[in-house]
$ cat target.txt   # compact mmCIF, C-alpha atoms
# COMPACT_ATOMS: atom_id res chain seq x y z
CA ASN A 1460 -25.56 -14.83 9.71
CA ALA A 1461 -22.50 -12.63 10.15
CA GLY A 1462 -20.89 -11.16 7.09
CA VAL A 1463 -17.21 -11.12 6.23
CA MET A 1464 -15.23 -9.85 9.18
CA GLN A 1465 -11.92 -8.09 9.01
CA ASN A 1466 -9.67 -6.97 11.80
CA PRO A 1467 -8.26 -4.72 12.73
CA ARG A 1468 -10.33 -2.05 11.03
CA HIS A 1469 -7.50 0.43 11.34
CA LEU A 1470 -3.81 -0.39 11.65
CA VAL A 1471 -0.90 1.99 12.07
CA ARG A 1472 2.64 0.80 11.51
CA ARG A 1473 6.01 2.45 11.25
CA ARG A 1474 8.24 1.84 8.27
CA GLY A 1475 10.00 -1.50 8.57
CA GLN A 1476 7.41 -3.13 10.83
CA GLU A 1477 5.17 -6.03 9.92
CA ALA A 1478 1.44 -5.77 9.30
CA ARG A 1479 -0.96 -8.70 9.74
CA LEU A 1480 -4.47 -8.35 8.41
CA ARG A 1481 -7.11 -10.93 9.28
CA CYS A 1482 -10.19 -11.99 7.39
CA SER A 1483 -12.93 -14.33 8.59
CA PRO A 1484 -15.12 -15.40 5.66
CA MET A 1485 -18.85 -15.86 5.86
CA LYS A 1486 -19.99 -19.13 7.37
CA GLY A 1487 -19.76 -21.92 4.83
CA HIS A 1488 -17.53 -19.97 2.45
CA SER A 1489 -14.27 -21.64 1.50
CA HIS A 1490 -12.96 -19.11 -1.05
CA VAL A 1491 -11.23 -15.94 0.04
CA TYR A 1492 -9.98 -13.00 -2.03
CA TRP A 1493 -7.84 -10.01 -1.08
CA TYR A 1494 -7.98 -6.63 -2.81
CA ARG A 1495 -6.09 -3.40 -2.22
CA GLN A 1496 -7.37 0.12 -2.76
CA LEU A 1497 -4.71 2.80 -2.81
CA PRO A 1498 -5.79 6.37 -2.03
CA GLU A 1499 -7.81 7.86 -4.88
CA GLU A 1500 -7.50 4.66 -6.92
CA GLY A 1501 -9.67 1.69 -7.74
CA LEU A 1502 -9.56 -1.74 -6.19
CA LYS A 1503 -6.85 -4.08 -7.38
CA PHE A 1504 -7.03 -7.84 -7.07
CA MET A 1505 -4.20 -9.34 -5.06
CA VAL A 1506 -4.80 -13.02 -4.36
CA TYR A 1507 -7.42 -15.77 -4.40
CA LEU A 1508 -7.21 -18.60 -1.90
CA GLN A 1509 -9.12 -21.71 -1.02
CA LYS A 1510 -8.55 -23.60 2.21
CA GLU A 1511 -4.80 -24.31 2.39
CA ASN A 1512 -4.25 -23.46 -1.28
CA ILE A 1513 -3.32 -20.36 -3.25
CA ILE A 1514 -5.32 -20.41 -6.48
CA ASP A 1515 -4.29 -17.13 -8.10
CA GLU A 1516 -1.65 -14.76 -6.74
CA SER A 1517 -1.13 -12.79 -9.93
CA GLY A 1518 -1.84 -9.49 -8.18
CA MET A 1519 0.50 -9.94 -5.25
CA PRO A 1520 3.67 -7.84 -5.16
CA LYS A 1521 6.69 -10.07 -5.63
CA GLU A 1522 8.30 -9.20 -2.33
CA ARG A 1523 7.19 -8.63 1.27
CA PHE A 1524 3.58 -9.74 0.74
CA SER A 1525 2.19 -13.17 1.56
CA ALA A 1526 -1.23 -14.66 2.18
CA GLU A 1527 -2.56 -17.83 3.71
CA PHE A 1528 -5.90 -19.44 4.44
CA PRO A 1529 -5.30 -22.31 6.84
CA LYS A 1530 -7.60 -25.22 7.43
CA GLU A 1531 -8.67 -23.65 10.71
CA GLY A 1532 -8.89 -19.98 11.44
CA PRO A 1533 -9.00 -16.78 9.42
CA SER A 1534 -7.14 -15.86 6.28
CA ILE A 1535 -4.07 -13.72 6.93
CA LEU A 1536 -2.50 -11.13 4.65
CA ARG A 1537 1.00 -10.42 5.87
CA ILE A 1538 3.12 -7.47 4.82
CA GLN A 1539 6.72 -7.50 5.98
CA GLN A 1540 8.90 -4.40 6.32
CA VAL A 1541 6.11 -2.01 5.43
CA VAL A 1542 6.80 1.14 3.44
CA ARG A 1543 4.72 4.30 3.06
CA GLY A 1544 3.46 3.10 -0.31
CA ASP A 1545 1.69 0.20 1.43
CA SER A 1546 -0.75 2.64 3.03
CA ALA A 1547 -4.11 1.64 1.61
CA ALA A 1548 -7.43 0.01 2.36
CA TYR A 1549 -7.25 -3.77 2.16
CA PHE A 1550 -10.50 -5.58 1.47
CA CYS A 1551 -11.21 -9.23 1.87
CA ALA A 1552 -14.08 -11.03 0.15
CA SER A 1553 -15.43 -14.55 0.32
CA SER A 1554 -17.62 -16.80 -1.76
CA PRO A 1555 -19.18 -20.22 -1.27
CA PRO A 1556 -17.77 -23.43 -2.75
CA LEU A 1557 -19.10 -24.79 -6.02
CA ALA A 1558 -20.68 -21.47 -6.94
CA ARG A 1559 -21.58 -21.28 -10.62
CA VAL A 1560 -21.21 -17.53 -10.65
CA ASN A 1561 -18.61 -15.73 -8.64
CA GLU A 1562 -20.59 -13.44 -6.34
CA GLN A 1563 -18.15 -12.13 -3.79
CA PHE A 1564 -19.13 -10.81 -0.37
CA PHE A 1565 -16.81 -8.09 0.86
CA GLY A 1566 -15.77 -7.14 4.35
CA PRO A 1567 -15.49 -3.58 5.67
CA GLY A 1568 -11.76 -3.41 5.02
CA THR A 1569 -8.62 -2.72 7.04
CA ARG A 1570 -7.14 0.71 6.62
CA LEU A 1571 -3.38 0.51 6.92
CA THR A 1572 -1.39 3.66 7.60
CA VAL A 1573 2.38 3.52 7.46
CA LEU A 1574 4.16 6.36 9.22
CA ASP B 153 -6.29 -4.46 -16.85
CA ALA B 154 -9.97 -3.57 -16.72
CA LYS B 155 -11.73 -4.31 -19.98
CA THR B 156 -14.76 -2.12 -19.44
CA THR B 157 -15.38 1.56 -20.08
CA GLN B 158 -17.74 3.65 -17.96
CA PRO B 159 -18.45 7.36 -17.62
CA ASN B 160 -16.65 8.99 -14.71
CA SER B 161 -19.77 10.33 -13.08
CA MET B 162 -23.53 10.66 -13.41
CA GLU B 163 -26.01 12.78 -11.53
CA SER B 164 -29.61 12.01 -10.82
CA ASN B 165 -32.47 13.46 -8.87
CA GLU B 166 -33.94 11.45 -6.06
CA GLU B 167 -36.85 9.18 -7.05
CA GLU B 168 -35.80 9.24 -10.72
CA PRO B 169 -34.29 6.33 -12.68
CA VAL B 170 -30.57 6.11 -13.30
CA HIS B 171 -29.13 4.40 -16.38
CA LEU B 172 -25.45 3.53 -16.06
CA PRO B 173 -23.79 2.47 -19.32
CA CYS B 174 -20.83 0.15 -19.68
CA ASN B 175 -18.89 -0.78 -22.81
CA HIS B 176 -17.13 -4.13 -22.96
CA SER B 177 -16.36 -4.62 -26.62
CA THR B 178 -13.76 -7.37 -26.01
CA ILE B 179 -16.17 -9.62 -24.12
CA SER B 180 -16.01 -13.31 -25.01
CA GLY B 181 -18.90 -15.73 -25.12
CA THR B 182 -18.36 -17.16 -21.64
CA ASP B 183 -17.57 -13.94 -19.77
CA TYR B 184 -20.09 -12.86 -17.14
CA ILE B 185 -20.97 -9.20 -16.61
CA HIS B 186 -21.00 -8.16 -12.96
CA TRP B 187 -21.95 -4.92 -11.27
CA TYR B 188 -20.75 -3.98 -7.83
CA ARG B 189 -21.06 -0.71 -5.97
CA GLN B 190 -19.00 0.87 -3.23
CA LEU B 191 -20.51 3.30 -0.79
CA PRO B 192 -18.16 5.78 0.90
CA SER B 193 -15.78 4.13 3.38
CA GLN B 194 -17.27 0.68 2.82
CA GLY B 195 -16.35 -2.48 0.99
CA PRO B 196 -17.86 -3.20 -2.42
CA GLU B 197 -21.33 -4.70 -2.56
CA TYR B 198 -22.65 -7.05 -5.23
CA VAL B 199 -25.49 -5.56 -7.26
CA ILE B 200 -26.30 -7.88 -10.15
CA HIS B 201 -24.79 -10.09 -12.82
CA GLY B 202 -25.76 -11.47 -16.23
CA LEU B 203 -24.52 -13.46 -19.17
CA THR B 204 -26.79 -12.92 -22.17
CA SER B 205 -30.32 -12.18 -21.03
CA ASN B 206 -31.62 -9.15 -19.18
CA VAL B 207 -31.80 -9.63 -15.42
CA ASN B 208 -33.85 -8.12 -12.63
CA ASN B 209 -33.42 -8.29 -8.87
CA ARG B 210 -34.56 -6.25 -5.89
CA MET B 211 -31.72 -3.76 -6.30
CA ALA B 212 -31.56 -3.12 -10.03
CA SER B 213 -32.03 -4.33 -13.59
CA LEU B 214 -29.33 -5.24 -16.06
CA ALA B 215 -29.95 -4.75 -19.76
CA ILE B 216 -27.44 -6.52 -22.02
CA ALA B 217 -27.08 -5.57 -25.66
CA GLU B 218 -27.77 -8.27 -28.21
CA ASP B 219 -24.12 -8.36 -29.29
CA ARG B 220 -23.07 -8.27 -25.59
CA LYS B 221 -20.58 -5.49 -26.27
CA SER B 222 -22.35 -3.16 -23.88
CA SER B 223 -24.74 -3.24 -20.97
CA THR B 224 -26.72 -0.83 -18.84
CA LEU B 225 -27.41 -0.97 -15.12
CA ILE B 226 -30.76 0.54 -14.27
CA LEU B 227 -31.62 1.84 -10.83
CA HIS B 228 -35.36 2.32 -11.08
CA ARG B 229 -35.82 4.96 -8.38
CA ALA B 230 -32.65 6.51 -7.06
CA THR B 231 -32.45 7.25 -3.36
CA LEU B 232 -29.79 9.13 -1.45
CA ARG B 233 -28.48 5.76 -0.24
CA ASP B 234 -27.69 4.83 -3.84
CA ALA B 235 -24.93 7.43 -4.02
CA ALA B 236 -21.85 5.32 -4.63
CA VAL B 237 -19.23 4.30 -7.17
CA TYR B 238 -20.67 1.66 -9.50
CA TYR B 239 -18.30 -0.81 -11.11
CA CYS B 240 -18.98 -2.81 -14.25
CA ILE B 241 -16.73 -5.89 -14.30
CA LEU B 242 -16.15 -8.74 -16.72
CA GLU B 243 -15.51 -12.05 -15.05
CA GLU B 244 -13.36 -13.86 -17.56
CA SER B 245 -13.78 -17.61 -17.76
CA ASP B 246 -10.02 -18.24 -17.67
CA SER B 247 -9.48 -16.22 -14.50
CA TRP B 248 -12.45 -17.14 -12.35
CA GLY B 249 -12.36 -15.40 -9.01
CA LYS B 250 -10.35 -12.42 -10.17
CA LEU B 251 -12.57 -9.35 -10.32
CA GLN B 252 -10.83 -6.53 -12.16
CA PHE B 253 -12.29 -3.25 -10.99
CA GLY B 254 -11.93 -0.20 -13.19
CA ALA B 255 -12.50 3.40 -12.19
CA GLY B 256 -16.27 3.00 -12.08
CA THR B 257 -18.99 5.63 -12.29
CA GLN B 258 -19.57 7.97 -9.37
CA VAL B 259 -23.33 8.36 -8.97
CA VAL B 260 -24.48 11.54 -7.29
CA VAL B 261 -28.10 11.69 -6.13
CA THR B 262 -29.56 15.07 -5.34
CA PRO B 263 -32.70 15.56 -3.25

$ encode --input "target.txt" --output "C-alpha cells"
Amino acid sequence: NAGVMQNPRHLVRRRGQEARLRCSPMKGHSHVYWYRQLPEEGLKFMVYLQKENIIDESGMPKERFSAEFPKEGPSILRIQQVVRGDSAAYFCASSPPLARVNEQFFGPGTRLTVL
Amino acid sequence: DAKTTQPNSMESNEEEPVHLPCNHSTISGTDYIHWYRQLPSQGPEYVIHGLTSNVNNRMASLAIAEDRKSSTLILHRATLRDAAVYYCILEESDSWGKLQFGAGTQVVVTP
C-alpha cells in the first residue's frame, strides 16, 4: 500500500517561471492538504481539498497560487511567476473520507528552489 | 496562529523515557490534541491523538490533564531514530482539516 507520493522531489525554477507540484494521495483517500515549510520555519497550512472541491483555502496566498484536486489524477499545486520567497518545501497530506479524527498522512515533500 | 506552547528543545539519553510537555490553555471541549513528528528532511508523521482520556499506541503515550489545558507526550524508551521535531497541535472543531503547526520541540537523543 503505497504512501502519499509527491513529484518532483526537487524542482528548480527561475524567477517568473511557473511551478507545478503534484500529489497522489494514498489509495482510498479523498481528502488532500497542502502545507509549506519555509527555511528555518514551521509548517504552514495552505489549502484543504476534496475531489473537485476546495474546502478551506485560508492559508493560500492571494495571488499566484492555486490548487486543484480533479476527479481523476493527482492534486496539483500551481505557483505562477515564482519569486525567490517561494523557495520552500511543499508537503502534501491525505486522509480517508468519513474519518472521525483527522489523521493526515504526509508525503516526502517537494523542495522548490527559485533562482 | 498556533495555540499551543512547547519547549524549544529537550535532550534525552538513549533507552530512557522522554516526556514532552504541551500547554494549550485555550482548548475548547471539542478540540482534539494531536502529536506529529518530523524527522530531518522528511514529511511529518502522525504519532498519537486524544480528546479527554489518556491514550497509548505502539509509538507513544499521551497523558492529558484533567482540565485539558495541558498534555504530555511520553516516549517510553528513546532511540536514536526518535530524534525529530515533535509538534503538539489542536485540531479545532470549526476548522477540521487545518493542522496548525507551531515551532515544536526538537528532541535530541544521545547514545

$ closest_atom_pairs --input "target.txt" --of "chain A" --to "chain B" --cutoff "6 Å" --atoms "all atoms listed in the file" --output "JSON lines"
{"residue": "A:Gly1501", "atom": "CA", "partner": "B:Ala255", "partner_atom": "CA", "distance": 5.5}
{"residue": "A:Leu1502", "atom": "CA", "partner": "B:Phe253", "partner_atom": "CA", "distance": 5.7}
{"residue": "A:Phe1565", "atom": "CA", "partner": "B:Gly195", "partner_atom": "CA", "distance": 5.6}
{"residue": "A:Gly1566", "atom": "CA", "partner": "B:Gly195", "partner_atom": "CA", "distance": 5.8}
{"residue": "A:Pro1567", "atom": "CA", "partner": "B:Gly195", "partner_atom": "CA", "distance": 4.9}

$ atom_distance --input "target.txt" --atom1 "CA of His171 in chain B" --atom2 "CA of Lys1503 in chain A"
25.5 Å

$ residues_around --input "target.txt" --residues "Lys1530 in chain A" --least-positions-apart "2" --cutoff "10 Å" --atoms "all atoms listed in the file" --output "PyMOL selection string"
chain A and resi 1489+1509-1512+1527-1528+1532-1534

$ closest_residue --input "target.txt" --among "B:Glu244, B:Glu218, B:Glu166, B:Asp234" --to "Val1560 in chain A" --atoms "only C-alpha atoms"
B:Glu244

$ residues_near_point --input "target.txt" --point "(-22.4, -14.7, 0.0)" --cutoff "7 Å" --atoms "all atoms listed in the file" --output "ChimeraX atom specification"
/A:1485,1553-1555,1562-1564

$ atom_distance --input "target.txt" --atom1 "CA of Leu225 in chain B" --atom2 "CA of Cys240 in chain B"
8.7 Å

$ atom_distance --input "target.txt" --atom1 "CA of Lys221 in chain B" --atom2 "CA of Glu1516 in chain A"
28.7 Å

$ residues_around --input "target.txt" --residues "Gly1544 in chain A" --least-positions-apart "2" --cutoff "12 Å" --atoms "all atoms listed in the file" --output "list in words"
Arg1473, Arg1474, Gly1475, Arg1495, Gln1496, Leu1497, Pro1498, Pro1520, Ile1538, Gln1540, Val1541, Val1542, Ser1546, Ala1547, Ala1548, Leu1571, Thr1572, Val1573 and Leu1574 of chain A

$ closest_residue --input "target.txt" --among "B:Gln158, B:Ser164, B:Leu172, B:Asn206" --to "Thr224 in chain B" --atoms "all atoms listed in the file"
B:Leu172

$ residues_near_point --input "target.txt" --point "(-12.8, -8.1, 9.5)" --cutoff "12 Å" --atoms "only C-alpha atoms" --output "PyMOL selection string"
(chain A and resi 1461-1469+1479-1485+1493+1533-1536+1549-1553+1565-1570) or (chain B and resi 194-195)

$ build_atoms --input "target.txt" --residues "range 1480-1494 of chain A" --atoms "N, CA, C and O atoms" --output "mmCIF file, in the coordinates of the input"
data_model
loop_
_atom_site.group_PDB
_atom_site.id
_atom_site.type_symbol
_atom_site.label_atom_id
_atom_site.label_comp_id
_atom_site.auth_asym_id
_atom_site.auth_seq_id
_atom_site.Cartn_x
_atom_site.Cartn_y
_atom_site.Cartn_z
ATOM 1 N N LEU A 1480 -3.059 -8.667 8.595
ATOM 2 C CA LEU A 1480 -4.470 -8.350 8.410
ATOM 3 C C LEU A 1480 -5.240 -9.662 8.383
ATOM 4 O O LEU A 1480 -4.841 -10.611 7.701
ATOM 5 N N ARG A 1481 -6.346 -9.697 9.136
ATOM 6 C CA ARG A 1481 -7.110 -10.930 9.280
ATOM 7 C C ARG A 1481 -8.470 -10.829 8.604
ATOM 8 O O ARG A 1481 -9.097 -9.756 8.606
ATOM 9 N N CYS A 1482 -8.896 -11.941 8.067
ATOM 10 C CA CYS A 1482 -10.190 -11.990 7.390
ATOM 11 C C CYS A 1482 -10.900 -13.287 7.753
ATOM 12 O O CYS A 1482 -10.374 -14.375 7.508
ATOM 13 N N SER A 1483 -12.087 -13.170 8.318
ATOM 14 C CA SER A 1483 -12.930 -14.330 8.590
ATOM 15 C C SER A 1483 -14.059 -14.344 7.565
ATOM 16 O O SER A 1483 -14.888 -13.442 7.553
ATOM 17 N N PRO A 1484 -14.090 -15.358 6.695
ATOM 18 C CA PRO A 1484 -15.120 -15.400 5.660
ATOM 19 C C PRO A 1484 -16.486 -15.679 6.260
ATOM 20 O O PRO A 1484 -16.620 -16.046 7.425
ATOM 21 N N MET A 1485 -17.502 -15.514 5.430
ATOM 22 C CA MET A 1485 -18.850 -15.860 5.860
ATOM 23 C C MET A 1485 -18.921 -17.347 6.142
ATOM 24 O O MET A 1485 -18.183 -18.154 5.565
ATOM 25 N N LYS A 1486 -19.833 -17.735 6.996
ATOM 26 C CA LYS A 1486 -19.990 -19.130 7.370
ATOM 27 C C LYS A 1486 -20.283 -19.962 6.119
ATOM 28 O O LYS A 1486 -21.140 -19.599 5.290
ATOM 29 N N GLY A 1487 -19.537 -21.035 5.977
ATOM 30 C CA GLY A 1487 -19.760 -21.920 4.830
ATOM 31 C C GLY A 1487 -18.971 -21.542 3.589
ATOM 32 O O GLY A 1487 -18.961 -22.286 2.613
ATOM 33 N N HIS A 1488 -18.317 -20.382 3.607
ATOM 34 C CA HIS A 1488 -17.530 -19.970 2.450
ATOM 35 C C HIS A 1488 -16.102 -20.508 2.575
ATOM 36 O O HIS A 1488 -15.473 -20.385 3.620
ATOM 37 N N SER A 1489 -15.604 -21.064 1.475
ATOM 38 C CA SER A 1489 -14.270 -21.640 1.500
ATOM 39 C C SER A 1489 -13.304 -20.929 0.544
ATOM 40 O O SER A 1489 -12.172 -21.374 0.372
ATOM 41 N N HIS A 1490 -13.799 -19.874 -0.126
ATOM 42 C CA HIS A 1490 -12.960 -19.110 -1.050
ATOM 43 C C HIS A 1490 -12.779 -17.720 -0.490
ATOM 44 O O HIS A 1490 -13.749 -17.076 -0.068
ATOM 45 N N VAL A 1491 -11.547 -17.260 -0.484
ATOM 46 C CA VAL A 1491 -11.230 -15.940 0.040
ATOM 47 C C VAL A 1491 -10.409 -15.177 -0.991
ATOM 48 O O VAL A 1491 -9.557 -15.751 -1.673
ATOM 49 N N TYR A 1492 -10.668 -13.877 -1.090
ATOM 50 C CA TYR A 1492 -9.980 -13.000 -2.030
ATOM 51 C C TYR A 1492 -9.503 -11.759 -1.271
ATOM 52 O O TYR A 1492 -10.195 -11.269 -0.388
ATOM 53 N N TRP A 1493 -8.334 -11.260 -1.651
ATOM 54 C CA TRP A 1493 -7.840 -10.010 -1.080
ATOM 55 C C TRP A 1493 -7.677 -8.989 -2.199
ATOM 56 O O TRP A 1493 -7.174 -9.309 -3.288
ATOM 57 N N TYR A 1494 -8.102 -7.749 -1.884
ATOM 58 C CA TYR A 1494 -7.980 -6.630 -2.810
ATOM 59 C C TYR A 1494 -7.345 -5.456 -2.061
ATOM 60 O O TYR A 1494 -7.495 -5.317 -0.844
#
